[in-house]
Amino acid sequence: MRYIGNKTKLLEFIRSTLRRRGIRAGRAVDPFTGTASVARELKRLGFSVDAADVMEYGRVFAEAYVVAGPSNGASAELADRVAALNRLPPADGFFRDNFSPVRDDGGRMYFTPENAGRIEAIRGRIGSWYRAGEIGGGARFALLASLIEAADRVANTAGVYAAYMKRWQPNALKRLSLRPPKPVAGPPATAQRGEALDVVGDAGAFDLLYLDPPYNERQYPAYYHVPELIAQGWADTPPPLRGKTGLLPDADKRSDWCRRGAAGEALRAVLATADCRHVVMSYNSEGLLDSAEIADALRAWGDPSTYRRYRRGYKRYRSDADGDGRSYSGDAVVEYLFCVDR
């Protein structure tokens, strides 16, 4: 899934930094898991991972890729379920009405009516299978992750859902098709939806706290409300939508990490609750917090002599092009790993 802050291209940097600091295994807590790319890598490295996110789709990805094991996550039965879902014809309903151009006012051009109808039908079938006891929780999360990723591949966006394109992009005209997720092997893991402060505070003693918080003022509930809706579902009570893009109610998911002046306190609060041996924090050179503030917080929490900041340059993620509403300062940005030991 296209995702702001995704660390897939930086996994080697994270791996090498962990090795460099002698952090090799144990229990890791990842409270900003997002698409769970780092949580997957930590599990591959032998960590028992507790992955969490304030967004429900974050929990879905963690369950599908981190909690699940290869023996059950990629089973023949799951492949058969995916094939059955791919054969479903489009259906009318809440999602198709609100996220494709079928209404008299033109509607929202996030998906073609055919693909929106397929999302409608597939999400409904996953829910009905689960309620009837035909699939368990693990298969449900795997199928939801597959649907969210399939929807993202045909979404008529520039990479985030804060806006849709006014003309159909080539990818949006392709037929939506699910693929079974491929979870990773490793120690047992857990997943949950929750605020980082609560997740870390409730974790008890553990080894590694990996922090990858939002680094700018973009609130994720507004940028990824469509994947969140697919994760939550709408069968029982369709949620009220607002605005041109159909935003969900999100008061409980907006983050202080995205507020200038509040992010520093959010960091200090999480550290104050952390009963762990190591902290590794990913942050961007263009973030709301400057390096000095992060360094002060980590040194105050841990052994100042163990504090280090590592850096790696990489190509900027662009969700749109330069234009009247945005002008990027350049294509190169720096990712930092701030590290300290207890």
# chains A, B, ... in the order shown; residues from 1 in each chain; ligands from 1
>>> residues_around(residues="A:Leu85", least_positions_apart="6", cutoff="12 Å", atoms="only C-alpha atoms", output="JSON, numbers by chain")
{"A": [78, 79, 118, 119, 120, 121, 122, 123, 124, 125, 126, 127, 129, 143, 144, 146, 147, 150, 176, 177, 178, 179, 180]}
>>> residues_around(residues="A:Ala274", least_positions_apart="5", cutoff="10 Å", atoms="only C-alpha atoms", output="VMD selection string")
chain A and resid 29 197 199 to 209 269 279 301
>>> write_last_selection(atoms="N, CA and C atoms", output="mmCIF file, in the first residue's frame")
data_model
loop_
_atom_site.group_PDB
_atom_site.id
_atom_site.type_symbol
_atom_site.label_atom_id
_atom_site.label_comp_id
_atom_site.auth_asym_id
_atom_site.auth_seq_id
_atom_site.Cartn_x
_atom_site.Cartn_y
_atom_site.Cartn_z
ATOM 1 N N VAL A 29 8.097 -3.457 20.977
ATOM 2 C CA VAL A 29 6.799 -2.788 20.889
ATOM 3 C C VAL A 29 6.891 -1.739 19.788
ATOM 4 N N LEU A 197 0.534 6.006 23.697
ATOM 5 C CA LEU A 197 0.771 6.178 25.133
ATOM 6 C C LEU A 197 0.180 5.025 25.925
ATOM 7 N N VAL A 199 -0.634 1.978 24.712
ATOM 8 C CA VAL A 199 0.005 0.723 24.304
ATOM 9 C C VAL A 199 1.318 0.524 25.037
ATOM 10 N N VAL A 200 2.149 1.558 25.069
ATOM 11 C CA VAL A 200 3.454 1.447 25.727
ATOM 12 C C VAL A 200 3.284 1.309 27.234
ATOM 13 N N GLY A 201 2.366 2.076 27.805
ATOM 14 C CA GLY A 201 2.156 2.013 29.247
ATOM 15 C C GLY A 201 1.641 0.673 29.724
ATOM 16 N N ASP A 202 0.846 0.001 28.873
ATOM 17 C CA ASP A 202 0.262 -1.294 29.250
ATOM 18 C C ASP A 202 1.162 -2.475 28.908
ATOM 19 N N ALA A 203 2.296 -2.233 28.262
ATOM 20 C CA ALA A 203 3.127 -3.322 27.748
ATOM 21 C C ALA A 203 3.943 -4.024 28.823
ATOM 22 N N GLY A 204 4.116 -3.399 29.986
ATOM 23 C CA GLY A 204 4.990 -3.983 30.991
ATOM 24 C C GLY A 204 6.440 -3.843 30.584
ATOM 25 N N ALA A 205 7.285 -4.759 31.059
ATOM 26 C CA ALA A 205 8.712 -4.706 30.725
ATOM 27 C C ALA A 205 8.947 -5.363 29.370
ATOM 28 N N PHE A 206 9.773 -4.716 28.545
ATOM 29 C CA PHE A 206 10.116 -5.283 27.248
ATOM 30 C C PHE A 206 11.509 -4.785 26.854
ATOM 31 N N ASP A 207 11.973 -5.184 25.693
ATOM 32 C CA ASP A 207 13.359 -4.909 25.306
ATOM 33 C C ASP A 207 13.514 -3.674 24.422
ATOM 34 N N LEU A 208 12.765 -3.605 23.335
ATOM 35 C CA LEU A 208 12.960 -2.554 22.339
ATOM 36 C C LEU A 208 11.671 -1.786 22.110
ATOM 37 N N LEU A 209 11.752 -0.474 22.243
ATOM 38 C CA LEU A 209 10.649 0.404 21.837
ATOM 39 C C LEU A 209 11.053 1.035 20.509
ATOM 40 N N ALA A 269 5.968 12.017 27.090
ATOM 41 C CA ALA A 269 4.965 11.223 27.802
ATOM 42 C C ALA A 269 5.115 9.735 27.498
ATOM 43 N N VAL A 279 15.564 2.295 23.096
ATOM 44 C CA VAL A 279 14.635 3.078 22.288
ATOM 45 C C VAL A 279 15.305 3.393 20.962
ATOM 46 N N TRP A 301 15.782 10.395 29.365
ATOM 47 C CA TRP A 301 15.162 9.104 29.690
ATOM 48 C C TRP A 301 16.201 8.029 29.949
#
>>> select_by_dssp(residues="stretch 39-166 of chain A", states="alpha helix (DSSP H)", output="ChimeraX atom specification")
/A:39-44,56-62,70-73,76-86,94-99,113-131,137-153
>>> select_by_dssp(residues="stretch 85-322 of chain A", states="strand (DSSP E)", output="count of residues only")
29
>>> residues_around(residues="stretch 38-43 of chain A", least_positions_apart="4", cutoff="8 Å", atoms="only C-alpha atoms", output="PyMOL selection string")
chain A and resi 7-8+11+28+30+33+47-49+51+62+65-66+183-187+189
>>> residues_around(residues="stretch 213-230 of chain A", least_positions_apart="5", cutoff="7 Å", atoms="only C-alpha atoms", output="JSON, numbers by chain")
{"A": [32, 55, 56, 57, 148, 160, 161, 162, 247, 248, 250, 253, 254, 255, 257, 258, 259, 283, 284, 287, 288]}
>>> atom_distance(atom1="atom CA of A:Ala151", atom2="atom CA of A:Glu63")
18.5 Å
>>> residues_around(residues="A:Tyr336", least_positions_apart="6", cutoff="7 Å", atoms="only C-alpha atoms", output="PyMOL selection string")
chain A and resi 282-284+309-312
>>> atom_distance(atom1="atom CA of A:Pro238", atom2="atom CA of A:Ala172")
24.7 Å
>>> atom_distance(atom1="atom CA of A:Phe13", atom2="atom CA of A:Glu335")
9.5 Å
